[in-house]
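Text of my_file-v9.cif, listed as mmCIF, C-alpha atoms and all ligand atoms:
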data_data
loop_
_atom_site.label_atom_id
_atom_site.label_comp_id
_atom_site.auth_asym_id
_atom_site.auth_seq_id
_atom_site.Cartn_x
_atom_site.Cartn_y
_atom_site.Cartn_z
CA MET R 282 0.00 0.00 0.00
CA GLY R 283 1.34 3.45 -0.88
CA ILE R 284 1.73 6.03 1.87
CA ALA R 285 -0.99 8.24 0.36
CA ASP R 286 -3.68 5.57 0.85
CA ASP R 287 -4.18 5.93 4.62
CA SER R 288 -7.27 7.39 6.22
CA ALA R 289 -6.80 10.30 8.64
CA VAL R 290 -8.00 8.29 11.64
CA SER R 291 -7.06 4.66 11.96
CA LEU R 292 -9.14 2.23 14.01
CA ASN R 293 -6.53 -0.47 13.43
CA GLN R 294 -5.54 -1.37 16.97
CA ASN R 295 -2.78 -3.79 16.14
CA ARG R 296 -0.17 -1.81 14.28
CA PRO R 297 0.33 1.93 14.41
CA GLN R 298 0.28 3.61 11.01
CA HIS R 299 2.15 6.61 12.33
CA ILE R 300 4.66 6.67 15.18
CA ALA R 301 5.94 9.97 16.58
CA VAL R 302 8.94 10.06 18.91
CA VAL R 303 10.31 12.53 21.45
CA MET R 304 13.94 11.36 21.47
CA ASP R 305 14.84 12.43 25.00
CA GLY R 306 17.76 11.46 27.25
CA ASN R 307 20.83 11.87 25.02
CA GLY R 308 22.51 14.16 27.54
CA ARG R 309 21.87 11.91 30.55
CA TRP R 310 22.94 8.84 28.58
CA ALA R 311 26.27 10.55 27.87
CA GLN R 312 26.71 11.90 31.41
CA GLU R 313 26.18 8.43 32.91
CA ARG R 314 29.11 7.22 30.78
CA GLY R 315 31.42 10.17 31.40
CA LEU R 316 30.96 11.32 27.80
CA SER R 317 30.13 14.76 26.40
CA ARG R 318 26.54 15.73 25.53
CA GLY R 319 27.67 15.87 21.89
CA GLU R 320 28.58 12.19 22.03
CA GLY R 321 25.12 11.54 23.43
CA HIS R 322 23.56 13.30 20.44
CA GLN R 323 25.77 11.32 18.05
CA GLN R 324 24.53 8.08 19.59
CA GLY R 325 21.04 9.59 19.38
CA ALA R 326 21.51 9.88 15.63
CA VAL R 327 22.50 6.18 15.52
CA ALA R 328 19.28 5.36 17.40
CA ALA R 329 17.29 7.54 14.95
CA LYS R 330 18.66 5.51 12.03
CA ARG R 331 17.81 2.31 13.92
CA ILE R 332 14.15 3.25 14.47
CA VAL R 333 13.80 4.21 10.80
CA GLU R 334 15.00 0.74 9.81
CA LEU R 335 12.82 -0.98 12.43
CA SER R 336 9.76 0.97 11.26
CA LEU R 337 10.46 0.07 7.63
CA ARG R 338 10.80 -3.61 8.55
CA ALA R 339 7.60 -3.51 10.63
CA GLY R 340 5.68 -1.98 7.71
CA ILE R 341 4.89 1.27 9.54
CA PRO R 342 4.19 3.87 6.86
CA HIS R 343 4.80 7.11 8.79
CA LEU R 344 7.44 8.08 11.35
CA THR R 345 8.01 11.52 12.87
CA LEU R 346 11.11 12.28 14.99
CA PHE R 347 11.40 15.36 17.21
CA ALA R 348 15.01 16.43 16.63
CA PHE R 349 15.01 20.08 17.78
CA SER R 350 12.27 22.05 19.47
CA SER R 351 11.47 25.76 19.12
CA GLU R 352 12.76 26.07 22.69
CA ASN R 353 16.07 24.22 22.09
CA TRP R 354 17.67 27.43 20.75
CA GLN R 355 18.00 28.40 24.42
CA ARG R 356 20.61 25.66 24.99
CA PRO R 357 24.32 26.60 25.21
CA GLU R 358 25.53 27.93 21.86
CA ALA R 359 28.11 25.15 21.47
CA GLU R 360 25.44 22.45 21.84
CA VAL R 361 23.12 24.18 19.33
CA GLU R 362 26.01 24.46 16.84
CA LEU R 363 26.88 20.82 17.35
CA LEU R 364 23.30 19.72 16.74
CA MET R 365 23.01 21.84 13.58
CA ALA R 366 26.30 20.40 12.28
CA LEU R 367 25.05 16.90 13.10
CA PHE R 368 21.84 17.47 11.08
CA VAL R 369 23.86 18.59 8.04
CA GLN R 370 26.25 15.65 8.38
CA ARG R 371 23.53 13.01 8.85
CA LEU R 372 21.37 14.32 6.00
CA GLU R 373 24.35 14.30 3.62
CA ALA R 374 25.48 10.85 4.73
CA GLU R 375 22.03 9.22 4.68
CA LEU R 376 20.74 10.58 1.37
CA PRO R 377 21.82 7.61 -0.81
CA SER R 378 20.33 5.07 1.60
CA LEU R 379 17.09 7.07 1.92
CA ILE R 380 16.71 6.99 -1.86
CA GLU R 381 17.58 3.29 -2.06
CA GLN R 382 15.12 2.37 0.68
CA GLN R 383 12.34 4.48 -0.88
CA ILE R 384 12.05 6.74 2.16
CA ARG R 385 10.52 10.17 1.64
CA LEU R 386 12.05 12.62 4.10
CA ARG R 387 10.56 15.98 5.02
CA VAL R 388 11.81 18.46 7.60
CA VAL R 389 8.92 20.13 9.41
CA GLY R 390 9.37 23.31 11.38
CA ASN R 391 10.48 26.91 11.07
CA ARG R 392 13.54 27.13 8.80
CA ALA R 393 14.08 30.88 9.16
CA ASN R 394 16.94 30.50 11.63
CA PHE R 395 18.78 27.65 9.90
CA SER R 396 22.10 28.23 8.13
CA ASN R 397 22.12 28.38 4.33
CA GLU R 398 24.10 25.14 4.34
CA LEU R 399 21.41 23.34 6.34
CA ILE R 400 18.58 24.77 4.23
CA ALA R 401 20.37 23.68 1.05
CA ILE R 402 20.82 20.08 2.19
CA ILE R 403 17.22 19.91 3.47
CA ASN R 404 15.94 21.11 0.08
CA ARG R 405 18.16 18.61 -1.73
CA VAL R 406 17.10 15.65 0.44
CA GLU R 407 13.42 16.56 0.19
CA THR R 408 13.59 16.88 -3.59
CA GLU R 409 15.59 13.71 -4.15
CA THR R 410 13.46 11.56 -1.84
CA ALA R 411 10.07 13.03 -2.88
CA HIS R 412 8.99 9.86 -4.70
CA GLY R 413 9.78 7.45 -1.87
CA ASP R 414 6.71 5.40 -0.99
CA ALA R 415 7.95 2.85 1.56
CA LEU R 416 8.03 5.22 4.55
CA SER R 417 7.32 8.91 5.06
CA LEU R 418 9.85 10.22 7.54
CA GLN R 419 9.26 13.61 9.13
CA ILE R 420 12.10 15.25 11.05
CA ALA R 421 10.68 17.97 13.29
CA ALA R 422 13.37 20.65 13.63
CA ASP R 423 12.83 24.10 15.10
CA TYR R 424 9.35 22.73 15.58
CA GLY R 425 6.78 23.50 18.25
CA GLY R 426 3.11 22.56 18.37
CA ARG R 427 2.19 26.16 19.15
CA TRP R 428 4.33 27.42 16.27
CA ASP R 429 2.55 24.93 13.98
CA ILE R 430 -0.95 26.05 15.02
CA THR R 431 0.08 29.71 14.72
CA GLN R 432 1.57 29.29 11.24
CA ALA R 433 -1.57 27.44 10.11
CA ALA R 434 -3.76 30.28 11.41
CA ARG R 435 -1.54 32.82 9.65
CA LEU R 436 -1.69 30.87 6.38
CA MET R 437 -5.49 30.70 6.48
CA ALA R 438 -5.74 34.38 7.45
CA ARG R 439 -3.71 35.23 4.33
CA GLN R 440 -6.01 33.05 2.20
CA VAL R 441 -9.08 34.79 3.67
CA ALA R 442 -7.51 38.22 3.05
CA ALA R 443 -6.80 37.20 -0.56
CA GLY R 444 -10.43 36.06 -1.02
CA GLU R 445 -9.32 32.43 -1.57
CA LEU R 446 -11.02 31.11 1.57
CA GLN R 447 -14.22 32.06 3.39
CA PRO R 448 -14.07 32.12 7.23
CA GLU R 449 -17.11 29.78 7.27
CA GLN R 450 -15.11 27.21 5.29
CA ILE R 451 -12.58 26.81 8.09
CA ASP R 452 -13.36 23.53 9.80
CA GLU R 453 -11.11 20.92 11.44
CA ALA R 454 -10.19 19.33 8.11
CA VAL R 455 -9.19 22.67 6.56
CA PHE R 456 -7.22 23.60 9.68
CA GLN R 457 -5.47 20.22 9.68
CA SER R 458 -4.46 20.63 6.05
CA ALA R 459 -2.68 23.89 6.94
CA LEU R 460 -0.54 22.19 9.60
CA ALA R 461 3.09 21.32 8.88
CA LEU R 462 2.65 17.52 8.83
CA SER R 463 -0.23 17.49 6.35
CA PRO R 464 -1.16 15.22 4.57
CA VAL R 465 0.39 12.68 6.97
CA PRO R 466 -2.32 11.21 9.27
CA ASP R 467 -2.24 11.89 13.01
CA PRO R 468 0.16 9.75 15.07
CA ASP R 469 -1.40 6.60 16.48
CA LEU R 470 1.46 6.13 18.93
CA LEU R 471 3.60 8.80 20.57
CA ILE R 472 6.75 7.45 22.22
CA ARG R 473 8.78 9.53 24.66
CA THR R 474 12.04 8.15 26.01
CA GLY R 475 14.12 9.53 28.90
CA GLY R 476 11.61 9.22 31.73
CA GLU R 477 9.66 12.48 31.45
CA CYS R 478 5.87 12.20 31.06
CA ARG R 479 5.00 15.26 29.04
CA ILE R 480 4.47 16.26 25.41
CA SER R 481 6.80 19.32 25.51
CA ASN R 482 5.04 21.30 22.77
CA PHE R 483 5.33 18.48 20.23
CA LEU R 484 2.37 17.69 17.94
CA LEU R 485 -0.29 19.41 20.08
CA TRP R 486 -3.13 19.29 17.54
CA GLN R 487 -2.16 15.97 15.98
CA CYS R 488 -1.82 14.02 19.27
CA ALA R 489 -5.45 14.61 20.35
CA TYR R 490 -6.13 10.85 20.19
CA SER R 491 -2.63 9.38 20.11
CA GLU R 492 -1.71 6.63 22.53
CA LEU R 493 1.07 8.01 24.77
CA TYR R 494 3.94 5.67 25.65
CA PHE R 495 6.56 6.82 28.16
CA THR R 496 9.70 4.83 28.92
CA ASP R 497 12.65 5.49 31.24
CA ILE R 498 15.07 4.22 28.59
CA CYS R 499 17.33 7.01 27.31
CA TRP R 500 17.04 7.54 23.56
CA PRO R 501 20.46 6.11 22.53
CA ASP R 502 19.48 2.82 24.24
CA PHE R 503 16.10 2.56 22.48
CA ASP R 504 16.81 -0.66 20.60
CA GLU R 505 14.82 -3.32 18.77
CA GLN R 506 13.53 -4.87 22.01
CA ALA R 507 12.35 -1.48 23.29
CA PHE R 508 10.71 -0.77 19.93
CA ASN R 509 8.91 -4.12 19.96
CA GLU R 510 7.75 -3.51 23.54
CA SER R 511 6.21 -0.19 22.54
CA ILE R 512 4.45 -1.79 19.57
CA GLY R 513 3.23 -4.63 21.81
CA TRP R 514 1.91 -2.11 24.35
CA TYR R 515 0.11 -0.25 21.57
CA ALA R 516 -1.54 -3.46 20.34
CA GLN R 517 -3.20 -3.84 23.79
CA ARG R 518 -4.81 -0.40 23.73
CA SER R 519 -8.51 0.00 23.13
CA ARG R 520 -8.96 3.00 20.84
CA ARG R 521 -12.47 4.40 21.03
CA PHE R 522 -12.19 7.97 19.67
CA GLY R 523 -15.05 9.02 21.96
CA ARG R 524 -17.23 5.99 21.21
CA THR R 525 -18.20 3.18 23.59
CA GLN R 526 -16.38 -0.16 23.74
CA GLU R 527 -19.54 -1.89 22.43
CA GLN R 528 -19.49 0.28 19.32
CA ILE R 529 -15.90 -0.70 18.65
CA THR R 530 -16.25 -4.45 19.31
CA PRO R 531 -20.00 -5.34 19.15
CA ARG R 532 -20.95 -8.50 21.06
CA GLN R 533 -21.70 -11.52 18.89
CA ALA R 534 -25.49 -12.09 18.48
CA GLY R 535 -27.07 -15.34 19.76
C1 LIG T 601 16.91 15.40 23.68
O1 LIG T 601 17.84 14.86 24.60
C2 LIG T 601 17.47 15.35 22.34
C3 LIG T 601 17.66 16.43 21.52
C4 LIG T 601 17.30 17.80 21.90
C5 LIG T 601 18.29 16.29 20.20
C6 LIG T 601 17.80 15.11 19.37
C7 LIG T 601 18.80 14.84 18.33
C8 LIG T 601 19.19 13.62 17.93
C9 LIG T 601 18.58 12.37 18.43
C10 LIG T 601 20.32 13.45 16.97
C11 LIG T 601 20.06 13.83 15.56
C12 LIG T 601 18.85 13.24 14.98
C13 LIG T 601 18.60 13.23 13.65
C14 LIG T 601 17.25 12.81 13.21
C15 LIG T 601 19.61 13.61 12.64
P1 LIG T 601 18.43 15.81 25.72
O2 LIG T 601 19.67 16.45 25.18
O3 LIG T 601 17.39 16.78 26.16
O4 LIG T 601 18.77 14.79 26.85
P2 LIG T 601 18.75 15.08 28.43
O5 LIG T 601 17.32 15.35 28.80
O6 LIG T 601 19.26 13.80 29.00
O7 LIG T 601 19.67 16.24 28.68
#

What does the file become when written as structure tokens?
Ligand code: FPP
Amino acid sequence: MGIADDSAVSLNQNRPQHIAVVMDGNGRWAQERGLSRGEGHQQGAVAAKRIVELSLRAGIPHLTLFAFSSENWQRPEAEVELLMALFVQRLEAELPSLIEQQIRLRVVGNRANFSNELIAIINRVETETAHGDALSLQIAADYGGRWDITQAARLMARQVAAGELQPEQIDEAVFQSALALSPVPDPDLLIRTGGECRISNFLLWQCAYSELYFTDICWPDFDEQAFNESIGWYAQRSRRFGRTQEQITPRQAG
């Protein structure tokens, strides 16, 4: 099945169609080993590659990784520079394998503060992977859920001002289509590693009905077993989207 064939809301309880991940705990992972935070982020990049491959193998069509939040600019300058350099390096290095594996990569977020070098490699990777239909991979960078909702409102306001959209036409579907992830369906499963139980301004609109999975494992240690455990946990969830259990699994007559 191609990645464009999915419905916006999946009632499939067994396998998530879209996994979103807050990759937290790189710094603590490094500290515990007497390593620098930068080495933690490098191992985080290894773990990011691993979950892409695991998702491909598991037949999961959409994966979104939170790589840098709107608030992460407030980190020490050296760490921000290191992360930006790591994004450039990983995108350049992974491009051939993304194309070969039919992975379509998009970077979602505000690009205004990225270097020209980073913007250039993002544009190149997005263009050269645009036809990939095995997995849609979204890297959220300089992303925030509030930024996303604000930019969608601004986009629609411009369309209204230009006479292209009537205010009465703005419903949830129209709003959703203006969000950065569109047309990717909402995440079924949100994983957060590193022990914190919060969303941290990630996909605020899109996670309205996501199943939230929190694990103490630090991101660099999130391996195949941890991935399978999260998928197994998800398979046990009863997703009702506001309906009753009887509506979801009607009792057999007789
Ligand atoms: C959170 O851990 C992690 C980040 C802010 C950066 C995430 C970046 C990567 C995983 C590497 C690059 C990824 C790609 C997709 C190229 P933290 O630093 O907040 O950890 P801490 O809470 O232990 O300090």

> What's the 12 Å shell around segment 451-455 of chain R, counting all atoms listed in the file, without same-chain residues fewer than 6 positions away, as an MDAnalysis selection string?
Replying inline: chainID R and resid 289:290 430 433:434 436:438 440:441 445 463:464 466:467 486:487

For the residues in the current selection, export C-alpha atoms as a PDB file, in the coordinates of the input.
ATOM      1  CA  ALA R 289      -6.800  10.300   8.640  1.00  0.00           C
ATOM      2  CA  VAL R 290      -8.000   8.290  11.640  1.00  0.00           C
ATOM      3  CA  ILE R 430      -0.950  26.050  15.020  1.00  0.00           C
ATOM      4  CA  ALA R 433      -1.570  27.440  10.110  1.00  0.00           C
ATOM      5  CA  ALA R 434      -3.760  30.280  11.410  1.00  0.00           C
ATOM      6  CA  LEU R 436      -1.690  30.870   6.380  1.00  0.00           C
ATOM      7  CA  MET R 437      -5.490  30.700   6.480  1.00  0.00           C
ATOM      8  CA  ALA R 438      -5.740  34.380   7.450  1.00  0.00           C
ATOM      9  CA  GLN R 440      -6.010  33.050   2.200  1.00  0.00           C
ATOM     10  CA  VAL R 441      -9.080  34.790   3.670  1.00  0.00           C
ATOM     11  CA  GLU R 445      -9.320  32.430  -1.570  1.00  0.00           C
ATOM     12  CA  SER R 463      -0.230  17.490   6.350  1.00  0.00           C
ATOM     13  CA  PRO R 464      -1.160  15.220   4.570  1.00  0.00           C
ATOM     14  CA  PRO R 466      -2.320  11.210   9.270  1.00  0.00           C
ATOM     15  CA  ASP R 467      -2.240  11.890  13.010  1.00  0.00           C
ATOM     16  CA  TRP R 486      -3.130  19.290  17.540  1.00  0.00           C
ATOM     17  CA  GLN R 487      -2.160  15.970  15.980  1.00  0.00           C
TER      18      GLN R 487
END

Produce as a CSV table (one decimal) with C-alpha atoms, in the frame of the given file the set of residues near ligand LIG 601 (chain T), where near means within 6 Å with only C-alpha atoms and all ligand atoms considered.
chain,number,residue,atom,x,y,z
R,304,MET,CA,13.9,11.4,21.5
R,305,ASP,CA,14.8,12.4,25.0
R,306,GLY,CA,17.8,11.5,27.2
R,307,ASN,CA,20.8,11.9,25.0
R,308,GLY,CA,22.5,14.2,27.5
R,309,ARG,CA,21.9,11.9,30.6
R,322,HIS,CA,23.6,13.3,20.4
R,323,GLN,CA,25.8,11.3,18.0
R,325,GLY,CA,21.0,9.6,19.4
R,326,ALA,CA,21.5,9.9,15.6
R,329,ALA,CA,17.3,7.5,15.0
R,348,ALA,CA,15.0,16.4,16.6
R,349,PHE,CA,15.0,20.1,17.8
R,368,PHE,CA,21.8,17.5,11.1
R,371,ARG,CA,23.5,13.0,8.8

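In terms of minimum interatomic distance to Ser481 of chain R, R:Arg427 ranks closest within R:Arg356, R:Arg318, R:His299, R:Arg427, counting all atoms listed in the file.
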
>> When you count all atoms listed in the file, which of these residues is closest to Leu470 of chain R: R:Tyr424, R:Phe456, R:Tyr490, R:Phe483?
In response: R:Tyr490

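Coordinates place atom CA of Leu471 of chain R at a distance of 16.4 Å from atom CA of Ala328 of chain R.
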
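Interatomic distance, atom CA of Val389 of chain R to atom CA of Thr496 of chain R: 24.8 Å.
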
> Hey, which of R:Asn509, R:Ser519, R:Gln355, R:Ser396 ends up closest to Ala339 of chain R? Count all atoms listed in the file.
Replying inline: R:Asn509

> Between atom CA of Arg518 of chain R and atom CA of Glu492 of chain R, what is the distance, to one decimal in Å?
Replying inline: 7.8 Å

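Between Leu335 of chain R and the candidates R:Ser458, R:Gln447, R:Gln506, R:Ser491, the tightest atom-to-atom separation, counting all atoms listed in the file, involves R:Gln506.
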